[in-house]
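Coordinates as given in work_18.cif (mmCIF, N, CA and C atoms):
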```
data_structure
#
loop_
_atom_site.label_atom_id
_atom_site.label_comp_id
_atom_site.auth_asym_id
_atom_site.auth_seq_id
_atom_site.Cartn_x
_atom_site.Cartn_y
_atom_site.Cartn_z
N MET A 365 129.29 106.65 234.31
CA MET A 365 129.08 107.49 233.16
C MET A 365 128.40 106.73 232.03
N ARG A 366 128.72 105.47 231.87
CA ARG A 366 128.14 104.67 230.81
C ARG A 366 126.63 104.52 230.98
N HIS A 367 126.18 104.39 232.22
CA HIS A 367 124.75 104.25 232.48
C HIS A 367 124.01 105.54 232.13
N LYS A 368 124.63 106.65 232.35
CA LYS A 368 123.99 107.93 232.03
C LYS A 368 123.78 108.06 230.52
N THR A 369 124.75 107.59 229.74
CA THR A 369 124.63 107.65 228.28
C THR A 369 123.49 106.77 227.80
N ARG A 370 123.40 105.56 228.33
CA ARG A 370 122.30 104.66 227.95
C ARG A 370 120.96 105.23 228.36
N PHE A 371 120.90 105.79 229.55
CA PHE A 371 119.65 106.36 230.04
C PHE A 371 119.22 107.54 229.16
N ALA A 372 120.19 108.38 228.77
CA ALA A 372 119.88 109.52 227.91
C ALA A 372 119.38 109.04 226.55
N ALA A 373 120.02 108.02 226.00
CA ALA A 373 119.58 107.48 224.71
C ALA A 373 118.18 106.90 224.82
N LEU A 374 117.89 106.24 225.93
CA LEU A 374 116.57 105.66 226.16
C LEU A 374 115.51 106.76 226.25
N LEU A 375 115.84 107.85 226.92
CA LEU A 375 114.90 108.96 227.03
C LEU A 375 114.60 109.59 225.67
N VAL A 376 115.57 109.59 224.79
CA VAL A 376 115.37 110.16 223.45
C VAL A 376 114.56 109.20 222.58
N LEU A 377 114.84 107.90 222.65
CA LEU A 377 114.18 106.92 221.79
C LEU A 377 112.77 106.56 222.25
N LEU A 378 112.53 106.54 223.53
CA LEU A 378 111.25 106.09 224.05
C LEU A 378 110.05 106.85 223.49
N PRO A 379 110.07 108.18 223.45
CA PRO A 379 108.91 108.88 222.87
C PRO A 379 108.71 108.58 221.39
N LEU A 380 109.79 108.26 220.69
CA LEU A 380 109.67 107.98 219.25
C LEU A 380 108.94 106.68 218.97
N THR A 381 108.85 105.78 219.93
CA THR A 381 108.18 104.51 219.71
C THR A 381 106.68 104.69 219.51
N ALA A 382 106.14 105.80 219.95
CA ALA A 382 104.70 106.05 219.81
C ALA A 382 104.38 106.89 218.58
N CYS A 383 105.39 107.35 217.86
CA CYS A 383 105.17 108.21 216.69
C CYS A 383 104.59 107.42 215.51
N THR A 384 103.84 108.14 214.71
CA THR A 384 103.30 107.58 213.48
C THR A 384 103.93 108.32 212.31
N TRP A 385 104.53 107.56 211.38
CA TRP A 385 105.19 108.17 210.24
C TRP A 385 104.38 107.96 208.97
N VAL A 386 103.33 107.20 209.02
CA VAL A 386 102.53 106.90 207.84
C VAL A 386 101.32 107.82 207.83
N THR A 387 101.00 108.35 206.66
CA THR A 387 99.80 109.19 206.54
C THR A 387 98.84 108.56 205.54
N MET A 388 97.57 108.75 205.78
CA MET A 388 96.52 108.22 204.92
C MET A 388 96.30 109.20 203.77
N THR A 389 96.24 108.69 202.56
CA THR A 389 95.92 109.53 201.41
C THR A 389 94.41 109.75 201.38
N PRO A 390 93.95 110.82 200.74
CA PRO A 390 92.50 111.02 200.64
C PRO A 390 91.80 109.84 199.96
N ALA A 391 92.41 109.27 198.92
CA ALA A 391 91.80 108.13 198.23
C ALA A 391 91.80 106.89 199.13
N GLY A 392 92.83 106.74 199.95
CA GLY A 392 92.91 105.59 200.86
C GLY A 392 91.84 105.61 201.93
N GLN A 393 91.31 106.79 202.24
CA GLN A 393 90.26 106.89 203.26
C GLN A 393 88.98 106.18 202.84
N SER A 394 88.79 106.01 201.54
CA SER A 394 87.57 105.37 201.07
C SER A 394 87.69 103.84 201.03
N VAL A 395 88.86 103.31 201.35
CA VAL A 395 89.06 101.86 201.34
C VAL A 395 88.75 101.31 202.72
N ARG A 396 87.96 100.25 202.74
CA ARG A 396 87.53 99.63 203.99
C ARG A 396 88.45 98.48 204.34
N VAL A 397 88.69 98.28 205.65
CA VAL A 397 89.47 97.13 206.12
C VAL A 397 88.47 96.09 206.64
N ALA A 398 88.43 94.93 205.99
CA ALA A 398 87.52 93.85 206.40
C ALA A 398 88.20 92.99 207.46
N ARG A 399 87.40 92.36 208.29
CA ARG A 399 87.94 91.40 209.26
C ARG A 399 88.55 90.22 208.52
N ALA A 400 89.50 89.58 209.15
CA ALA A 400 90.17 88.43 208.52
C ALA A 400 89.20 87.29 208.25
N ASP A 401 88.16 87.15 209.08
CA ASP A 401 87.20 86.05 208.91
C ASP A 401 85.94 86.45 208.14
N GLU A 402 85.93 87.66 207.60
CA GLU A 402 84.75 88.15 206.87
C GLU A 402 84.67 87.50 205.50
N ASP A 403 83.46 87.10 205.10
CA ASP A 403 83.24 86.47 203.80
C ASP A 403 83.17 87.54 202.72
N LEU A 404 84.12 87.53 201.81
CA LEU A 404 84.14 88.48 200.70
C LEU A 404 83.95 87.77 199.37
N SER A 405 83.23 86.66 199.39
CA SER A 405 83.02 85.88 198.16
C SER A 405 82.19 86.65 197.13
N GLY A 406 81.44 87.63 197.54
CA GLY A 406 80.65 88.43 196.62
C GLY A 406 81.44 89.56 195.97
N CYS A 407 82.72 89.66 196.32
CA CYS A 407 83.58 90.72 195.80
C CYS A 407 84.53 90.15 194.75
N THR A 408 85.13 91.03 193.99
CA THR A 408 86.10 90.63 192.98
C THR A 408 87.50 90.86 193.53
N ARG A 409 88.29 89.80 193.53
CA ARG A 409 89.66 89.92 194.04
C ARG A 409 90.51 90.68 193.02
N ARG A 410 91.20 91.73 193.51
CA ARG A 410 91.99 92.59 192.64
C ARG A 410 93.49 92.34 192.76
N GLY A 411 93.93 91.67 193.83
CA GLY A 411 95.35 91.40 193.97
C GLY A 411 95.75 91.23 195.42
N GLU A 412 97.07 91.22 195.63
CA GLU A 412 97.63 91.05 196.97
C GLU A 412 98.61 92.19 197.22
N ILE A 413 98.62 92.67 198.46
CA ILE A 413 99.45 93.81 198.83
C ILE A 413 100.35 93.40 199.98
N GLY A 414 101.62 93.71 199.89
CA GLY A 414 102.57 93.50 200.98
C GLY A 414 103.06 94.85 201.47
N VAL A 415 102.98 95.07 202.78
CA VAL A 415 103.41 96.34 203.37
C VAL A 415 104.31 96.07 204.56
N SER A 416 105.14 97.05 204.90
CA SER A 416 106.01 96.90 206.06
C SER A 416 106.32 98.25 206.68
N VAL A 417 106.52 98.24 207.99
CA VAL A 417 106.93 99.42 208.75
C VAL A 417 107.95 98.97 209.78
N LYS A 418 108.62 99.92 210.38
CA LYS A 418 109.55 99.61 211.47
C LYS A 418 108.73 99.23 212.70
N ASP A 419 109.01 98.06 213.26
CA ASP A 419 108.29 97.66 214.47
C ASP A 419 109.14 97.85 215.72
N ARG A 420 110.37 98.31 215.53
CA ARG A 420 111.23 98.60 216.68
C ARG A 420 112.22 99.70 216.31
N LEU A 421 112.64 100.43 217.32
CA LEU A 421 113.69 101.42 217.17
C LEU A 421 114.86 100.95 218.02
N GLY A 422 115.83 100.36 217.36
CA GLY A 422 116.93 99.76 218.10
C GLY A 422 116.39 98.61 218.94
N PRO A 423 116.69 98.61 220.22
CA PRO A 423 116.21 97.52 221.07
C PRO A 423 114.78 97.72 221.59
N ILE A 424 114.18 98.84 221.26
CA ILE A 424 112.87 99.18 221.82
C ILE A 424 111.77 98.85 220.81
N GLU A 425 110.78 98.05 221.24
CA GLU A 425 109.65 97.73 220.38
C GLU A 425 108.67 98.89 220.34
N ARG A 426 108.14 99.15 219.16
CA ARG A 426 107.11 100.17 219.01
C ARG A 426 105.77 99.62 219.50
N ASN A 427 104.86 100.50 219.76
CA ASN A 427 103.52 100.13 220.20
C ASN A 427 102.87 99.25 219.13
N ARG A 428 102.41 98.07 219.53
CA ARG A 428 101.84 97.08 218.60
C ARG A 428 100.63 97.63 217.83
N ILE A 429 99.77 98.35 218.53
CA ILE A 429 98.57 98.92 217.90
C ILE A 429 98.96 99.95 216.84
N LYS A 430 99.95 100.79 217.13
CA LYS A 430 100.41 101.78 216.15
C LYS A 430 100.95 101.10 214.91
N VAL A 431 101.72 100.02 215.11
CA VAL A 431 102.28 99.29 213.97
C VAL A 431 101.15 98.72 213.12
N ILE A 432 100.16 98.11 213.75
CA ILE A 432 99.02 97.55 213.01
C ILE A 432 98.27 98.64 212.26
N ASP A 433 98.04 99.79 212.91
CA ASP A 433 97.35 100.90 212.25
C ASP A 433 98.12 101.38 211.02
N GLU A 434 99.44 101.49 211.14
CA GLU A 434 100.25 101.94 210.02
C GLU A 434 100.23 100.93 208.87
N LEU A 435 100.27 99.65 209.20
CA LEU A 435 100.21 98.62 208.16
C LEU A 435 98.88 98.70 207.41
N GLU A 436 97.79 98.89 208.14
CA GLU A 436 96.47 99.02 207.51
C GLU A 436 96.39 100.28 206.65
N MET A 437 96.97 101.39 207.13
CA MET A 437 96.96 102.63 206.34
C MET A 437 97.71 102.44 205.03
N LEU A 438 98.88 101.81 205.11
CA LEU A 438 99.66 101.56 203.90
C LEU A 438 98.90 100.67 202.92
N ALA A 439 98.25 99.63 203.45
CA ALA A 439 97.48 98.72 202.59
C ALA A 439 96.32 99.45 201.93
N ARG A 440 95.65 100.31 202.68
CA ARG A 440 94.53 101.07 202.12
C ARG A 440 95.02 102.01 201.02
N ASN A 441 96.15 102.67 201.25
CA ASN A 441 96.73 103.56 200.24
C ASN A 441 97.09 102.79 198.97
N GLU A 442 97.66 101.60 199.13
CA GLU A 442 98.07 100.78 197.98
C GLU A 442 96.87 100.20 197.23
N ALA A 443 95.79 99.91 197.93
CA ALA A 443 94.61 99.30 197.31
C ALA A 443 94.02 100.19 196.23
N VAL A 444 94.14 101.48 196.38
CA VAL A 444 93.60 102.41 195.40
C VAL A 444 94.22 102.15 194.02
N GLY A 445 95.51 101.86 193.98
CA GLY A 445 96.19 101.58 192.71
C GLY A 445 95.72 100.30 192.05
N LEU A 446 95.08 99.41 192.81
CA LEU A 446 94.55 98.16 192.26
C LEU A 446 93.05 98.27 191.97
N ASN A 447 92.51 99.47 192.07
CA ASN A 447 91.07 99.71 191.91
C ASN A 447 90.27 98.85 192.89
N ALA A 448 90.76 98.75 194.10
CA ALA A 448 90.08 97.99 195.15
C ALA A 448 89.51 98.98 196.17
N ASN A 449 88.39 98.59 196.77
CA ASN A 449 87.80 99.44 197.81
C ASN A 449 87.73 98.73 199.16
N THR A 450 88.30 97.54 199.24
CA THR A 450 88.32 96.77 200.48
C THR A 450 89.63 95.98 200.56
N VAL A 451 90.23 95.97 201.74
CA VAL A 451 91.41 95.13 201.97
C VAL A 451 91.10 94.21 203.15
N GLN A 452 91.70 93.03 203.10
CA GLN A 452 91.50 92.03 204.16
C GLN A 452 92.86 91.44 204.52
N PRO A 453 93.19 91.40 205.82
CA PRO A 453 94.47 90.82 206.20
C PRO A 453 94.54 89.36 205.79
N LYS A 454 95.65 88.99 205.16
CA LYS A 454 95.86 87.60 204.76
C LYS A 454 96.45 86.81 205.93
N ALA A 455 97.26 87.47 206.73
CA ALA A 455 97.89 86.87 207.90
C ALA A 455 98.14 87.96 208.92
N ALA A 456 98.48 87.57 210.12
CA ALA A 456 98.78 88.53 211.18
C ALA A 456 100.12 89.21 210.89
N PRO A 457 100.33 90.42 211.43
CA PRO A 457 101.61 91.10 211.23
C PRO A 457 102.76 90.28 211.83
N ASP A 458 103.91 90.32 211.15
CA ASP A 458 105.08 89.60 211.63
C ASP A 458 106.31 90.47 211.39
N ASP A 459 106.96 90.88 212.45
CA ASP A 459 108.17 91.72 212.37
C ASP A 459 107.93 92.97 211.53
N GLY A 460 106.78 93.60 211.69
CA GLY A 460 106.49 94.84 210.99
C GLY A 460 106.06 94.66 209.55
N GLU A 461 105.78 93.43 209.14
CA GLU A 461 105.33 93.16 207.78
C GLU A 461 103.97 92.47 207.81
N GLN A 462 103.17 92.72 206.78
CA GLN A 462 101.87 92.08 206.69
C GLN A 462 101.42 92.05 205.23
N ARG A 463 100.66 91.02 204.89
CA ARG A 463 100.09 90.88 203.55
C ARG A 463 98.57 91.03 203.65
N PHE A 464 98.01 91.69 202.64
CA PHE A 464 96.58 91.92 202.55
C PHE A 464 96.08 91.47 201.19
N LEU A 465 94.84 91.04 201.13
CA LEU A 465 94.16 90.77 199.87
C LEU A 465 93.32 91.99 199.55
N ALA A 466 93.32 92.40 198.28
CA ALA A 466 92.58 93.57 197.85
C ALA A 466 91.36 93.13 197.03
N TYR A 467 90.21 93.72 197.32
CA TYR A 467 88.96 93.36 196.66
C TYR A 467 88.21 94.61 196.19
N ALA A 468 87.45 94.43 195.13
CA ALA A 468 86.48 95.44 194.69
C ALA A 468 85.11 94.90 195.07
N CYS A 469 84.52 95.54 196.05
CA CYS A 469 83.20 95.12 196.53
C CYS A 469 82.19 96.19 196.14
N GLY A 470 81.26 95.83 195.27
CA GLY A 470 80.27 96.79 194.80
C GLY A 470 78.95 96.62 195.52
N VAL A 471 78.13 97.60 195.36
CA VAL A 471 76.78 97.55 195.91
C VAL A 471 75.90 96.91 194.85
N THR A 472 75.11 95.95 195.25
CA THR A 472 74.25 95.27 194.29
C THR A 472 73.15 96.20 193.81
N PRO A 473 72.74 96.07 192.56
CA PRO A 473 71.69 96.94 192.03
C PRO A 473 70.39 96.85 192.82
N ALA A 474 70.11 95.68 193.39
CA ALA A 474 68.87 95.53 194.15
C ALA A 474 68.87 96.43 195.38
N ASN A 475 70.05 96.69 195.95
CA ASN A 475 70.13 97.53 197.13
C ASN A 475 70.04 99.01 196.80
N THR A 476 70.37 99.39 195.57
CA THR A 476 70.38 100.81 195.23
C THR A 476 69.09 101.26 194.55
N ALA A 477 68.37 100.37 193.92
CA ALA A 477 67.15 100.76 193.21
C ALA A 477 66.02 101.03 194.20
N VAL A 478 65.26 102.04 193.91
CA VAL A 478 64.09 102.33 194.73
C VAL A 478 62.91 101.60 194.12
N ALA A 479 62.29 100.78 194.91
CA ALA A 479 61.16 99.99 194.42
C ALA A 479 59.97 100.90 194.13
N ALA A 480 59.23 100.54 193.10
CA ALA A 480 58.03 101.30 192.76
C ALA A 480 56.99 101.05 193.84
N PRO A 481 56.17 102.04 194.13
CA PRO A 481 55.15 101.83 195.15
C PRO A 481 54.19 100.73 194.72
N PRO A 482 53.81 99.90 195.66
CA PRO A 482 52.90 98.81 195.33
C PRO A 482 51.51 99.33 194.97
N ALA A 483 50.75 98.50 194.33
CA ALA A 483 49.38 98.86 193.96
C ALA A 483 48.57 99.12 195.23
N GLN A 484 47.51 99.90 195.05
CA GLN A 484 46.69 100.24 196.21
C GLN A 484 46.06 98.99 196.80
N ALA A 485 46.03 98.96 198.13
CA ALA A 485 45.39 97.86 198.84
C ALA A 485 43.89 98.03 198.76
N ASP A 486 43.17 97.02 199.23
CA ASP A 486 41.71 97.04 199.19
C ASP A 486 41.12 98.24 199.92
N ASN A 487 41.77 98.70 200.99
CA ASN A 487 41.21 99.79 201.77
C ASN A 487 41.64 101.18 201.25
N GLY A 488 42.37 101.21 200.13
CA GLY A 488 42.76 102.49 199.55
C GLY A 488 44.08 103.02 200.09
N ALA A 489 44.68 102.35 201.08
CA ALA A 489 45.96 102.82 201.62
C ALA A 489 47.10 102.36 200.73
N GLN A 490 48.14 103.14 200.68
CA GLN A 490 49.34 102.78 199.93
C GLN A 490 50.52 102.69 200.89
N THR A 491 51.44 101.79 200.57
CA THR A 491 52.67 101.68 201.38
C THR A 491 53.86 101.98 200.49
N TYR A 492 54.88 102.58 201.07
CA TYR A 492 56.10 102.92 200.36
C TYR A 492 57.30 102.39 201.16
N PRO A 493 58.38 102.02 200.47
CA PRO A 493 59.56 101.56 201.19
C PRO A 493 60.19 102.69 201.98
N VAL A 494 60.74 102.38 203.13
CA VAL A 494 61.43 103.35 203.95
C VAL A 494 62.84 103.49 203.42
N GLN A 495 63.27 104.71 203.21
CA GLN A 495 64.62 104.95 202.73
C GLN A 495 65.53 105.21 203.92
N GLU A 496 66.68 104.50 203.93
CA GLU A 496 67.65 104.70 205.01
C GLU A 496 68.49 105.92 204.69
N ARG A 497 68.90 106.61 205.71
CA ARG A 497 69.75 107.80 205.51
C ARG A 497 71.09 107.56 206.10
#
```
Written as structure tokens, how would this file's structure read?
Amino acid sequence: MRHKTRFAALLVLLPLTACTWVTMTPAGQSVRVARADEDLSGCTRRGEIGVSVKDRLGPIERNRIKVIDELEMLARNEAVGLNANTVQPKAAPDDGEQRFLAYACGVTPANTAVAAPPAQADNGAQTYPVQER
């Protein structure tokens, strides 16, 4: 009888290990997650964020990828309050906890300005910069 109780509890808990309880806020969707080795020296550091989620339900470990996704979602949601648009993992997740660095990374004016068309060439042809869409 004891084995049946454990088995029943396992059947109830097992599907819950794949559940996601964290939701992304609309503002958090605009925050980018940078790779840990990405150079963000051109950005302004806004602060540090610590987040945590449950990485196990009793004796059962939750899916590692789901835990990482939830940690990133929480960090992105929190970054908005620091006026940051990019987060970067400071260290790997440990027991459902992770720290992120928050940055404000802007677009340089040179990338946003449309260059004036150059003077006409000798043959009368003109060239214009290609605009990316």
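Residue selection for this entry, given the PyMOL selection byres ((chain A and resi 435-439) around 7), comprises Val386, Thr387, Met388, Thr389, Ile413, Gly414, Val415, Ser416, Val417, Lys430, Val431, Ile432, Asp433, Glu434, Arg440, Asn441, Glu442, Ala443, Val444, Val451, Gln462 and Phe464 of chain A.
Here atom N of Asp419 (chain A) is placed at a distance of 25.5 Å from CA of Leu446 (chain A).
If you measure from each of A:Ile429, A:Cys407, A:Ala400, A:Ile424 to Asn449 (chain A) using only C-alpha atoms, the closest one turns out to be A:Cys407.
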(message) Need to verify the contact set: Asn447 (chain A), 8 Å, all atoms listed in the file, exclusion of same-chain residues closer than 4 positions in sequence. Can you return it as number ranges by chain?
(response) A: 410, 442-443, 466-469
Quick one: write out the picked residues with N, CA and C atoms as a short mmCIF file (atom, residue, chain, number, x, y, z; two decimals), in the frame of the given file?
```
data_model
loop_
_atom_site.label_atom_id
_atom_site.label_comp_id
_atom_site.auth_asym_id
_atom_site.auth_seq_id
_atom_site.Cartn_x
_atom_site.Cartn_y
_atom_site.Cartn_z
N ARG A 410 91.20 91.73 193.51
CA ARG A 410 91.99 92.59 192.64
C ARG A 410 93.49 92.34 192.76
N GLU A 442 97.66 101.60 199.13
CA GLU A 442 98.07 100.78 197.98
C GLU A 442 96.87 100.20 197.23
N ALA A 443 95.79 99.91 197.93
CA ALA A 443 94.61 99.30 197.31
C ALA A 443 94.02 100.19 196.23
N ALA A 466 93.32 92.40 198.28
CA ALA A 466 92.58 93.57 197.85
C ALA A 466 91.36 93.13 197.03
N TYR A 467 90.21 93.72 197.32
CA TYR A 467 88.96 93.36 196.66
C TYR A 467 88.21 94.61 196.19
N ALA A 468 87.45 94.43 195.13
CA ALA A 468 86.48 95.44 194.69
C ALA A 468 85.11 94.90 195.07
N CYS A 469 84.52 95.54 196.05
CA CYS A 469 83.20 95.12 196.53
C CYS A 469 82.19 96.19 196.14
#
```
Find the spatial neighbours of Arg399 (chain A), counting only C-alpha atoms, within a cut-off of 8 Å - ignore same-chain residues fewer than 2 positions away - and output them as a PyMOL selection string. chain A and resi 397+401-402+452-453
Atom C of Pro423 (chain A) sits from atom N of Pro457 (chain A) at a separation of 19.1 Å
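Considering the residues A:Gly470, A:Val395, A:Pro390, A:Gly460 and counting only C-alpha atoms, Glu425 (chain A) has its shortest atom-to-atom contact with A:Gly460.
Our summary of the geometry notes that atom C of Arg428 (chain A) is positioned 22.6 Å from CA of Ser394 (chain A).
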Apply DSSP to the backbone of this structure and, from region 384-451 of chain A, keep only the residues in alpha helix (DSSP H); write these as a VMD selection string.
chain A and resid 428 to 443
